[in-house]
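Source file query.cif; content: mmCIF, C-alpha atoms.
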```cif
data_coords
loop_
_atom_site.group_PDB
_atom_site.id
_atom_site.type_symbol
_atom_site.label_atom_id
_atom_site.label_comp_id
_atom_site.auth_asym_id
_atom_site.auth_seq_id
_atom_site.Cartn_x
_atom_site.Cartn_y
_atom_site.Cartn_z
ATOM 1 C CA MET A 1372 -30.840 -41.726 -5.191
ATOM 2 C CA PRO A 1373 -30.586 -39.719 -1.954
ATOM 3 C CA ASP A 1374 -28.916 -36.331 -2.022
ATOM 4 C CA GLU A 1375 -25.294 -36.287 -0.967
ATOM 5 C CA LYS A 1376 -24.991 -35.042 2.616
ATOM 6 C CA LYS A 1377 -23.565 -31.553 3.000
ATOM 7 C CA HIS A 1378 -20.925 -31.296 5.712
ATOM 8 C CA ASN A 1379 -21.320 -27.925 7.375
ATOM 9 C CA THR A 1380 -18.342 -28.426 9.675
ATOM 10 C CA THR A 1381 -14.924 -29.928 9.070
ATOM 11 C CA LYS A 1382 -15.444 -32.358 11.952
ATOM 12 C CA GLU A 1383 -18.319 -33.956 10.013
ATOM 13 C CA LEU A 1384 -15.988 -34.869 7.149
ATOM 14 C CA PRO A 1385 -14.418 -38.340 7.074
ATOM 15 C CA ALA A 1386 -10.880 -38.281 8.529
ATOM 16 C CA GLU A 1387 -9.318 -38.903 5.105
ATOM 17 C CA LEU A 1388 -10.956 -35.705 3.823
ATOM 18 C CA ARG A 1389 -10.199 -33.415 6.757
ATOM 19 C CA PRO A 1390 -7.249 -31.173 5.766
ATOM 20 C CA TYR A 1391 -5.633 -31.248 9.227
ATOM 21 C CA ASP A 1392 -5.791 -35.068 9.380
ATOM 22 C CA ARG A 1393 -4.633 -35.400 5.771
ATOM 23 C CA CYS A 1394 -1.572 -33.337 6.682
ATOM 24 C CA LEU A 1395 -0.771 -35.707 9.565
ATOM 25 C CA MET A 1396 -1.369 -38.799 7.430
ATOM 26 C CA TYR A 1397 0.294 -37.814 4.152
ATOM 27 C CA GLY A 1398 2.411 -34.725 4.824
ATOM 28 C CA ALA A 1399 1.754 -31.063 4.026
ATOM 29 C CA GLU A 1400 3.301 -31.401 0.557
ATOM 30 C CA GLN A 1401 0.378 -33.634 -0.501
ATOM 31 C CA LEU A 1402 -2.264 -31.003 0.275
ATOM 32 C CA THR A 1403 -3.789 -28.595 -2.229
ATOM 33 C CA ASP A 1404 -3.564 -24.839 -1.684
ATOM 34 C CA ALA A 1405 -7.105 -24.825 -0.331
ATOM 35 C CA GLU A 1406 -6.398 -27.772 1.992
ATOM 36 C CA LEU A 1407 -3.264 -26.103 3.364
ATOM 37 C CA LEU A 1408 -5.196 -22.931 4.084
ATOM 38 C CA ALA A 1409 -8.080 -24.907 5.611
ATOM 39 C CA ALA A 1410 -5.691 -26.807 7.892
ATOM 40 C CA ILE A 1411 -4.403 -23.482 9.214
ATOM 41 C CA LEU A 1412 -7.881 -21.957 9.615
ATOM 42 C CA GLN A 1413 -9.260 -25.178 11.169
ATOM 43 C CA THR A 1414 -12.777 -23.753 11.429
ATOM 44 C CA GLY A 1415 -15.191 -22.517 8.797
ATOM 45 C CA SER A 1416 -17.885 -19.894 9.033
ATOM 46 C CA ARG A 1417 -21.548 -19.183 8.279
ATOM 47 C CA GLY A 1418 -22.537 -22.655 7.144
ATOM 48 C CA LEU A 1419 -19.261 -23.318 5.327
ATOM 49 C CA ASN A 1420 -16.646 -25.775 6.527
ATOM 50 C CA SER A 1421 -12.965 -24.766 6.638
ATOM 51 C CA LEU A 1422 -12.220 -26.169 3.168
ATOM 52 C CA GLU A 1423 -15.099 -24.266 1.566
ATOM 53 C CA THR A 1424 -14.032 -21.120 3.415
ATOM 54 C CA ALA A 1425 -10.454 -21.575 2.177
ATOM 55 C CA GLU A 1426 -11.650 -21.952 -1.422
ATOM 56 C CA LEU A 1427 -13.685 -18.750 -1.051
ATOM 57 C CA ILE A 1428 -10.595 -16.904 0.216
ATOM 58 C CA LEU A 1429 -8.450 -18.157 -2.665
ATOM 59 C CA ARG A 1430 -11.067 -17.045 -5.204
ATOM 60 C CA SER A 1431 -10.967 -13.578 -3.649
ATOM 61 C CA CYS A 1432 -7.159 -13.523 -4.029
ATOM 62 C CA ARG A 1433 -7.182 -14.195 -7.767
ATOM 63 C CA GLU A 1434 -7.601 -10.517 -8.625
ATOM 64 C CA LYS A 1435 -4.352 -9.796 -6.770
ATOM 65 C CA GLY A 1436 -2.209 -12.405 -8.477
ATOM 66 C CA GLY A 1437 -3.516 -15.795 -7.379
ATOM 67 C CA LEU A 1438 -1.906 -17.429 -4.363
ATOM 68 C CA CYS A 1439 0.562 -14.548 -4.032
ATOM 69 C CA GLY A 1440 -2.445 -12.301 -3.545
ATOM 70 C CA LEU A 1441 -2.661 -13.577 0.036
ATOM 71 C CA TYR A 1442 0.152 -11.298 1.124
ATOM 72 C CA ARG A 1443 -1.236 -8.340 -0.832
ATOM 73 C CA MET A 1444 -4.607 -8.355 0.894
ATOM 74 C CA THR A 1445 -5.325 -6.238 3.958
ATOM 75 C CA VAL A 1446 -7.319 -7.091 7.082
ATOM 76 C CA GLN A 1447 -10.141 -4.917 5.744
ATOM 77 C CA GLU A 1448 -10.186 -6.761 2.405
ATOM 78 C CA PHE A 1449 -10.247 -10.174 4.095
ATOM 79 C CA CYS A 1450 -13.124 -9.007 6.300
ATOM 80 C CA GLU A 1451 -15.163 -8.304 3.146
ATOM 81 C CA ILE A 1452 -15.204 -12.054 2.450
ATOM 82 C CA PRO A 1453 -18.428 -13.547 3.899
ATOM 83 C CA GLY A 1454 -17.772 -15.155 7.260
ATOM 84 C CA ILE A 1455 -14.242 -13.774 7.769
ATOM 85 C CA GLY A 1456 -13.915 -11.715 10.936
ATOM 86 C CA THR A 1457 -10.982 -9.727 12.233
ATOM 87 C CA ALA A 1458 -9.377 -12.718 14.002
ATOM 88 C CA LYS A 1459 -9.222 -14.854 10.851
ATOM 89 C CA ALA A 1460 -8.274 -11.817 8.755
ATOM 90 C CA ALA A 1461 -5.343 -11.033 11.052
ATOM 91 C CA ARG A 1462 -4.235 -14.672 10.935
ATOM 92 C CA LEU A 1463 -4.342 -14.656 7.136
ATOM 93 C CA CYS A 1464 -2.274 -11.458 6.966
ATOM 94 C CA CYS A 1465 0.312 -12.996 9.282
ATOM 95 C CA ILE A 1466 0.480 -16.135 7.127
ATOM 96 C CA GLY A 1467 1.071 -14.040 4.012
ATOM 97 C CA GLU A 1468 3.720 -11.874 5.638
ATOM 98 C CA LEU A 1469 5.564 -14.857 7.138
ATOM 99 C CA SER A 1470 5.581 -16.575 3.738
ATOM 100 C CA ARG A 1471 6.919 -13.432 2.081
ATOM 101 C CA ARG A 1472 9.691 -13.090 4.647
ATOM 102 C CA MET A 1473 10.696 -16.739 4.288
ATOM 103 C CA ALA A 1474 10.902 -16.382 0.507
ATOM 104 C CA ALA A 1475 12.850 -13.127 0.772
ATOM 105 C CA SER A 1476 15.262 -14.600 3.312
ATOM 106 C CA ALA A 1477 15.967 -17.630 1.142
ATOM 107 C CA ALA A 1478 16.447 -15.482 -1.979
ATOM 108 C CA SER A 1479 18.704 -12.950 -0.272
ATOM 109 C CA ARG A 1480 21.344 -15.351 1.048
ATOM 110 C CA THR A 1481 23.199 -15.628 -2.242
ATOM 111 C CA ARG A 1482 21.990 -12.403 -3.849
ATOM 112 C CA ARG A 1483 24.170 -9.393 -4.572
ATOM 113 C CA PHE A 1484 22.918 -5.857 -5.073
ATOM 114 C CA CYS A 1485 25.315 -4.084 -7.417
ATOM 115 C CA ARG A 1486 22.948 -2.179 -9.722
ATOM 116 C CA PRO A 1487 19.665 -0.292 -9.317
ATOM 117 C CA SER A 1488 17.943 -3.091 -11.239
ATOM 118 C CA ASP A 1489 19.053 -5.616 -8.594
ATOM 119 C CA ILE A 1490 17.370 -3.549 -5.901
ATOM 120 C CA ALA A 1491 14.248 -2.990 -8.010
ATOM 121 C CA ASP A 1492 13.902 -6.695 -8.833
ATOM 122 C CA TYR A 1493 14.081 -7.612 -5.158
ATOM 123 C CA TYR A 1494 11.389 -5.152 -4.042
ATOM 124 C CA MET A 1495 9.173 -4.873 -7.135
ATOM 125 C CA GLU A 1496 6.512 -7.450 -6.283
ATOM 126 C CA ARG A 1497 6.431 -6.408 -2.646
ATOM 127 C CA LEU A 1498 5.904 -2.714 -3.317
ATOM 128 C CA ARG A 1499 4.484 -2.048 -6.758
ATOM 129 C CA GLN A 1500 0.809 -2.458 -5.814
ATOM 130 C CA GLN A 1501 0.899 -0.947 -2.341
ATOM 131 C CA GLU A 1502 -1.622 1.825 -1.759
ATOM 132 C CA GLN A 1503 0.677 3.921 0.423
ATOM 133 C CA GLU A 1504 4.380 4.676 0.367
ATOM 134 C CA TYR A 1505 6.878 2.533 2.228
ATOM 135 C CA VAL A 1506 10.554 3.378 2.686
ATOM 136 C CA TRP A 1507 12.934 0.451 3.166
ATOM 137 C CA CYS A 1508 16.644 0.462 3.971
ATOM 138 C CA LEU A 1509 18.665 -2.409 2.550
ATOM 139 C CA MET A 1510 21.981 -3.101 4.326
ATOM 140 C CA LEU A 1511 24.932 -4.647 2.517
ATOM 141 C CA ASP A 1512 28.434 -5.968 3.215
ATOM 142 C CA THR A 1513 31.701 -5.351 1.339
ATOM 143 C CA LYS A 1514 30.556 -7.616 -1.513
ATOM 144 C CA ASN A 1515 27.128 -5.951 -1.739
ATOM 145 C CA SER A 1516 25.533 -9.063 -0.258
ATOM 146 C CA PHE A 1517 22.421 -8.884 1.888
ATOM 147 C CA LEU A 1518 22.924 -8.269 5.612
ATOM 148 C CA GLY A 1519 19.452 -7.103 6.579
ATOM 149 C CA GLU A 1520 16.622 -4.702 5.855
ATOM 150 C CA ARG A 1521 14.355 -2.415 7.818
ATOM 151 C CA MET A 1522 11.201 -0.474 7.021
ATOM 152 C CA ILE A 1523 12.018 3.142 7.874
ATOM 153 C CA SER A 1524 8.663 4.800 7.318
ATOM 154 C CA MET A 1525 5.152 4.223 6.048
ATOM 155 C CA GLY A 1526 3.068 6.936 4.426
ATOM 156 C CA THR A 1527 4.112 9.934 2.360
ATOM 157 C CA VAL A 1528 7.871 10.175 1.929
ATOM 158 C CA ASN A 1529 8.905 13.373 3.672
ATOM 159 C CA ALA A 1530 12.585 14.134 4.066
ATOM 160 C CA SER A 1531 11.891 15.984 7.304
ATOM 161 C CA LEU A 1532 10.206 12.920 8.822
ATOM 162 C CA VAL A 1533 12.644 10.219 7.697
ATOM 163 C CA SER A 1534 15.565 10.346 10.094
ATOM 164 C CA PRO A 1535 19.091 9.578 8.818
ATOM 165 C CA ARG A 1536 19.893 8.785 12.459
ATOM 166 C CA GLU A 1537 17.399 5.889 12.416
ATOM 167 C CA ILE A 1538 18.684 4.688 9.048
ATOM 168 C CA PHE A 1539 22.320 4.628 10.106
ATOM 169 C CA PHE A 1540 21.577 3.219 13.541
ATOM 170 C CA SER A 1541 20.181 0.156 11.734
ATOM 171 C CA ALA A 1542 23.126 0.101 9.335
ATOM 172 C CA LEU A 1543 25.690 0.271 12.134
ATOM 173 C CA SER A 1544 23.860 -2.456 14.068
ATOM 174 C CA CYS A 1545 24.248 -4.741 11.048
ATOM 175 C CA ARG A 1546 27.848 -3.605 10.465
ATOM 176 C CA ALA A 1547 26.841 -2.559 6.977
ATOM 177 C CA VAL A 1548 29.426 -1.102 4.618
ATOM 178 C CA SER A 1549 26.810 0.306 2.276
ATOM 179 C CA ILE A 1550 23.057 0.807 2.175
ATOM 180 C CA ALA A 1551 20.348 1.318 -0.407
ATOM 181 C CA LEU A 1552 17.028 3.072 0.050
ATOM 182 C CA VAL A 1553 13.940 2.005 -1.816
ATOM 183 C CA HIS A 1554 10.370 3.240 -1.738
ATOM 184 C CA ASN A 1555 7.267 2.981 -3.889
ATOM 185 C CA HIS A 1556 4.967 5.470 -5.579
ATOM 186 C CA PRO A 1557 1.345 4.242 -5.368
ATOM 187 C CA SER A 1558 0.548 6.277 -8.496
ATOM 188 C CA GLY A 1559 2.717 3.842 -10.463
ATOM 189 C CA ASP A 1560 4.927 6.673 -11.757
ATOM 190 C CA PRO A 1561 8.526 6.314 -10.470
ATOM 191 C CA GLN A 1562 9.454 9.933 -11.247
ATOM 192 C CA PRO A 1563 11.334 11.211 -8.143
ATOM 193 C CA SER A 1564 9.763 14.090 -6.243
ATOM 194 C CA SER A 1565 11.684 16.994 -4.742
ATOM 195 C CA GLU A 1566 11.266 15.337 -1.323
ATOM 196 C CA ASP A 1567 12.743 12.099 -2.700
ATOM 197 C CA ILE A 1568 15.803 13.974 -3.960
ATOM 198 C CA LEU A 1569 16.209 15.928 -0.716
ATOM 199 C CA LEU A 1570 16.065 12.741 1.343
ATOM 200 C CA THR A 1571 18.634 11.101 -0.934
ATOM 201 C CA ARG A 1572 21.048 13.992 -0.539
ATOM 202 C CA ARG A 1573 20.672 14.083 3.243
ATOM 203 C CA VAL A 1574 21.323 10.355 3.585
ATOM 204 C CA GLN A 1575 24.211 10.468 1.117
ATOM 205 C CA GLN A 1576 25.896 13.293 3.059
ATOM 206 C CA ALA A 1577 25.368 11.580 6.420
ATOM 207 C CA GLY A 1578 26.761 8.344 5.008
ATOM 208 C CA GLU A 1579 29.925 10.089 3.857
ATOM 209 C CA LEU A 1580 30.546 11.274 7.416
ATOM 210 C CA LEU A 1581 30.021 7.789 8.846
ATOM 211 C CA GLY A 1582 31.849 5.898 6.131
ATOM 212 C CA ILE A 1583 28.728 4.077 4.945
ATOM 213 C CA HIS A 1584 28.166 4.381 1.214
ATOM 214 C CA LEU A 1585 24.695 5.031 -0.225
ATOM 215 C CA LEU A 1586 24.560 2.609 -3.134
ATOM 216 C CA ASP A 1587 21.331 4.110 -4.492
ATOM 217 C CA HIS A 1588 17.798 5.234 -3.753
ATOM 218 C CA VAL A 1589 15.341 3.415 -5.994
ATOM 219 C CA VAL A 1590 11.736 4.451 -6.603
ATOM 220 C CA ILE A 1591 9.379 1.594 -7.478
ATOM 221 C CA GLY A 1592 6.476 2.231 -9.857
ATOM 222 C CA GLU A 1593 4.027 -0.121 -11.555
ATOM 223 C CA GLY A 1594 6.442 -2.568 -13.172
ATOM 224 C CA CYS A 1595 9.120 0.125 -13.555
ATOM 225 C CA PHE A 1596 11.632 1.991 -11.425
ATOM 226 C CA THR A 1597 13.958 5.001 -11.281
ATOM 227 C CA SER A 1598 17.418 5.306 -9.774
ATOM 228 C CA ILE A 1599 17.540 8.669 -8.005
ATOM 229 C CA LEU A 1600 21.335 8.823 -8.091
ATOM 230 C CA GLU A 1601 21.257 8.368 -11.870
ATOM 231 C CA TYR A 1602 18.413 10.889 -12.094
ATOM 232 C CA MET A 1603 20.485 13.452 -10.157
ATOM 233 C CA GLU A 1604 23.531 13.146 -12.463
#
```

Any chance you could give the structure as structure tokens?
Amino acid sequence: MPDEKKHNTTKELPAELRPYDRCLMYGAEQLTDAELLAAILQTGSRGLNSLETAELILRSCREKGGLCGLYRMTVQEFCEIPGIGTAKAARLCCIGELSRRMAASAASRTRRFCRPSDIADYYMERLRQQEQEYVWCLMLDTKNSFLGERMISMGTVNASLVSPREIFFSALSCRAVSIALVHNHPSGDPQPSSEDILLTRRVQQAGELLGIHLLDHVVIGEGCFTSILEYME
């Protein structure tokens, strides 16, 4: 029996097996995870067709939580996968980030943030495994419902570098009644630092002058969190 022919390019596959054509014929909901990713990539690399390349990418994501690992991987990490260059890596990062934002937007429409745990639950998966610190400002209405969010800084949290002016400019633009700050500790330990406490106090005092209440400042660790306002009591 002759050996089965290996298809080095997606174009060599029969139409009913090509992910892009399968999407057109049957709808995206009928495609596997690998087929969806292959349809977006369209081309393979280094002797692999797009479907084989997609399967290789998904295997690399398993260590970071399976399919959700796509939005946890960096351009550099994608580039470590054989055949993935910066263009494909950037595209993959954009896919992950867009998916995360869509999920967050859908979840936030009916969500209320009344307790530190509500804030922590919303940001935990996004921040708990990040390798550097991110500060986010969550903006809320009179019922503590989501109005918007903005990343304020990236890197070490330093009260002298995080500007209350920038925070409250965003809050006023959204007509927020209250805000919450949240940031992560890459060490996994949510114990607030002196800089965390100083930043909290500065924002709290500025908010009192502007009539915008600081609901809390939550520090995200590895599967745990700390409310700085509760810590300061």

Residues picked by the PyMOL selection byres ((chain A and resi 1504) around 9) here, as a list in words? Leu1498, Gln1501, Glu1502, Gln1503, Tyr1505, Val1506, Ser1524, Met1525, Gly1526, Thr1527, Val1528, His1554, Asn1555, His1556 and Pro1557 of chain A

Quick check, in Å to one decimal: how far apart do CA of Gln1413 (chain A) and CA of Glu1468 (chain A) lie?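 Calculated distance between CA of Gln1413 (chain A) and CA of Glu1468 (chain A) is 19.4 Å.
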
Any chance you could resolve the PyMOL selection byres ((chain A and resi 1570) around 12) against this file and give the residues as a PyMOL selection string? chain A and resi 1506+1528-1535+1538+1552-1554+1563-1569+1571-1577+1585+1587-1589+1599-1600

What's the separation between CA of Glu1423 (chain A) and CA of Ala1461 (chain A), in Å to one decimal place?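 For CA of Glu1423 (chain A) relative to CA of Ala1461 (chain A), the distance reads 19.0 Å.
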
What separation in Å, quoted to one decimal, exists between CA of Cys1464 (chain A) and CA of Leu1412 (chain A)? 12.2 Å

Write a file for region 1400-1532 of chain A, containing C-alpha atoms (output as an mmCIF file, in the first residue's frame).
```
data_model
loop_
_atom_site.group_PDB
_atom_site.id
_atom_site.type_symbol
_atom_site.label_atom_id
_atom_site.label_comp_id
_atom_site.auth_asym_id
_atom_site.auth_seq_id
_atom_site.Cartn_x
_atom_site.Cartn_y
_atom_site.Cartn_z
ATOM 1 C CA GLU A 1400 -18.641 26.945 15.223
ATOM 2 C CA GLN A 1401 -17.978 23.591 13.503
ATOM 3 C CA LEU A 1402 -14.193 24.016 13.536
ATOM 4 C CA THR A 1403 -11.835 22.622 16.160
ATOM 5 C CA ASP A 1404 -9.545 24.935 18.128
ATOM 6 C CA ALA A 1405 -6.664 24.030 15.836
ATOM 7 C CA GLU A 1406 -8.768 24.607 12.702
ATOM 8 C CA LEU A 1407 -9.910 28.020 13.941
ATOM 9 C CA LEU A 1408 -6.329 29.041 14.611
ATOM 10 C CA ALA A 1409 -5.189 27.643 11.250
ATOM 11 C CA ALA A 1410 -7.913 29.579 9.418
ATOM 12 C CA ILE A 1411 -6.603 32.787 10.986
ATOM 13 C CA LEU A 1412 -2.936 31.977 10.297
ATOM 14 C CA GLN A 1413 -3.728 30.788 6.740
ATOM 15 C CA THR A 1414 -0.114 29.810 6.074
ATOM 16 C CA GLY A 1415 2.160 27.294 7.742
ATOM 17 C CA SER A 1416 5.907 27.310 8.129
ATOM 18 C CA ARG A 1417 9.045 25.201 7.688
ATOM 19 C CA GLY A 1418 7.441 22.210 6.014
ATOM 20 C CA LEU A 1419 4.287 22.338 8.138
ATOM 21 C CA ASN A 1420 0.895 23.366 6.815
ATOM 22 C CA SER A 1421 -1.248 25.865 8.751
ATOM 23 C CA LEU A 1422 -3.166 23.147 10.622
ATOM 24 C CA GLU A 1423 0.021 21.430 11.792
ATOM 25 C CA THR A 1424 1.454 24.805 12.799
ATOM 26 C CA ALA A 1425 -1.720 25.597 14.758
ATOM 27 C CA GLU A 1426 -1.526 22.264 16.597
ATOM 28 C CA LEU A 1427 2.106 23.001 17.490
ATOM 29 C CA ILE A 1428 1.097 26.403 18.893
ATOM 30 C CA LEU A 1429 -1.712 24.905 20.976
ATOM 31 C CA ARG A 1430 0.649 22.288 22.426
ATOM 32 C CA SER A 1431 2.983 25.104 23.464
ATOM 33 C CA CYS A 1432 0.071 26.864 25.217
ATOM 34 C CA ARG A 1433 -0.833 23.908 27.424
ATOM 35 C CA GLU A 1434 1.710 24.861 30.081
ATOM 36 C CA LYS A 1435 -0.058 28.216 30.455
ATOM 37 C CA GLY A 1436 -3.571 26.887 30.897
ATOM 38 C CA GLY A 1437 -4.587 25.334 27.587
ATOM 39 C CA LEU A 1438 -6.451 27.505 25.102
ATOM 40 C CA CYS A 1439 -6.453 30.423 27.548
ATOM 41 C CA GLY A 1440 -2.673 30.269 27.413
ATOM 42 C CA LEU A 1441 -2.846 32.050 24.052
ATOM 43 C CA TYR A 1442 -3.392 35.390 25.736
ATOM 44 C CA ARG A 1443 -0.715 34.717 28.360
ATOM 45 C CA MET A 1444 2.067 34.149 25.854
ATOM 46 C CA THR A 1445 4.364 36.940 24.708
ATOM 47 C CA VAL A 1446 5.751 37.671 21.244
ATOM 48 C CA GLN A 1447 9.103 36.300 22.415
ATOM 49 C CA GLU A 1448 7.523 33.046 23.626
ATOM 50 C CA PHE A 1449 5.623 32.552 20.362
ATOM 51 C CA CYS A 1450 8.845 33.149 18.422
ATOM 52 C CA GLU A 1451 10.425 30.207 20.278
ATOM 53 C CA ILE A 1452 7.981 27.888 18.490
ATOM 54 C CA PRO A 1453 9.676 26.490 15.345
ATOM 55 C CA GLY A 1454 8.599 28.413 12.271
ATOM 56 C CA ILE A 1455 6.860 31.291 14.093
ATOM 57 C CA GLY A 1456 8.339 34.676 13.239
ATOM 58 C CA THR A 1457 7.543 38.085 14.646
ATOM 59 C CA ALA A 1458 4.655 38.725 12.217
ATOM 60 C CA LYS A 1459 2.763 35.567 13.199
ATOM 61 C CA ALA A 1460 3.695 36.061 16.859
ATOM 62 C CA ALA A 1461 2.268 39.589 16.841
ATOM 63 C CA ARG A 1462 -0.904 38.333 15.152
ATOM 64 C CA LEU A 1463 -1.314 35.622 17.785
ATOM 65 C CA CYS A 1464 -0.877 38.133 20.619
ATOM 66 C CA CYS A 1465 -3.515 40.372 19.056
ATOM 67 C CA ILE A 1466 -5.923 37.435 18.739
ATOM 68 C CA GLY A 1467 -5.453 36.573 22.410
ATOM 69 C CA GLU A 1468 -5.876 40.149 23.587
ATOM 70 C CA LEU A 1469 -8.975 40.730 21.442
ATOM 71 C CA SER A 1470 -10.530 37.527 22.797
ATOM 72 C CA ARG A 1471 -9.769 38.585 26.363
ATOM 73 C CA ARG A 1472 -11.321 42.005 25.828
ATOM 74 C CA MET A 1473 -14.452 40.519 24.264
ATOM 75 C CA ALA A 1474 -14.882 38.151 27.208
ATOM 76 C CA ALA A 1475 -14.260 40.930 29.727
ATOM 77 C CA SER A 1476 -16.694 43.266 27.980
ATOM 78 C CA ALA A 1477 -19.443 40.654 27.944
ATOM 79 C CA ALA A 1478 -18.856 39.755 31.609
ATOM 80 C CA SER A 1479 -18.737 43.359 32.800
ATOM 81 C CA ARG A 1480 -22.096 44.512 31.436
ATOM 82 C CA THR A 1481 -24.119 43.047 34.283
ATOM 83 C CA ARG A 1482 -21.362 42.842 36.891
ATOM 84 C CA ARG A 1483 -21.202 44.932 40.043
ATOM 85 C CA PHE A 1484 -18.069 45.631 42.048
ATOM 86 C CA CYS A 1485 -19.075 46.103 45.673
ATOM 87 C CA ARG A 1486 -16.369 44.163 47.533
ATOM 88 C CA PRO A 1487 -12.619 43.633 47.133
ATOM 89 C CA SER A 1488 -13.342 40.030 46.137
ATOM 90 C CA ASP A 1489 -15.442 41.249 43.185
ATOM 91 C CA ILE A 1490 -12.492 43.250 41.900
ATOM 92 C CA ALA A 1491 -10.041 40.402 42.524
ATOM 93 C CA ASP A 1492 -12.241 37.855 40.737
ATOM 94 C CA TYR A 1493 -12.475 40.083 37.677
ATOM 95 C CA TYR A 1494 -8.716 40.638 37.349
ATOM 96 C CA MET A 1495 -7.263 37.440 38.840
ATOM 97 C CA GLU A 1496 -6.764 35.396 35.674
ATOM 98 C CA ARG A 1497 -5.558 38.405 33.722
ATOM 99 C CA LEU A 1498 -2.898 39.441 36.216
ATOM 100 C CA ARG A 1499 -1.850 36.605 38.488
ATOM 101 C CA GLN A 1500 0.809 35.138 36.177
ATOM 102 C CA GLN A 1501 2.160 38.348 34.687
ATOM 103 C CA GLU A 1502 5.916 38.770 34.987
ATOM 104 C CA GLN A 1503 5.790 42.518 35.598
ATOM 105 C CA GLU A 1504 3.445 44.789 37.505
ATOM 106 C CA TYR A 1505 0.430 46.371 35.863
ATOM 107 C CA VAL A 1506 -1.768 49.031 37.454
ATOM 108 C CA TRP A 1507 -5.375 49.204 36.263
ATOM 109 C CA CYS A 1508 -8.084 51.722 37.121
ATOM 110 C CA LEU A 1509 -11.634 50.403 37.159
ATOM 111 C CA MET A 1510 -14.360 53.055 36.762
ATOM 112 C CA LEU A 1511 -17.827 52.591 38.224
ATOM 113 C CA ASP A 1512 -21.238 54.283 38.276
ATOM 114 C CA THR A 1513 -23.579 54.982 41.210
ATOM 115 C CA LYS A 1514 -24.525 51.288 41.407
ATOM 116 C CA ASN A 1515 -20.889 50.133 41.260
ATOM 117 C CA SER A 1516 -21.458 48.831 37.738
ATOM 118 C CA PHE A 1517 -18.693 48.787 35.154
ATOM 119 C CA LEU A 1518 -18.193 51.959 33.106
ATOM 120 C CA GLY A 1519 -14.683 51.375 31.806
ATOM 121 C CA GLU A 1520 -11.100 50.540 32.680
ATOM 122 C CA ARG A 1521 -7.663 51.829 31.818
ATOM 123 C CA MET A 1522 -4.135 50.550 32.341
ATOM 124 C CA ILE A 1523 -2.345 53.321 34.235
ATOM 125 C CA SER A 1524 1.186 51.970 34.342
ATOM 126 C CA MET A 1525 3.322 48.957 33.545
ATOM 127 C CA GLY A 1526 6.417 48.035 35.522
ATOM 128 C CA THR A 1527 7.256 48.582 39.175
ATOM 129 C CA VAL A 1528 4.493 50.371 41.056
ATOM 130 C CA ASN A 1529 5.970 53.679 42.156
ATOM 131 C CA ALA A 1530 3.706 56.255 43.743
ATOM 132 C CA SER A 1531 5.839 59.053 42.323
ATOM 133 C CA LEU A 1532 5.374 57.753 38.771
#
```
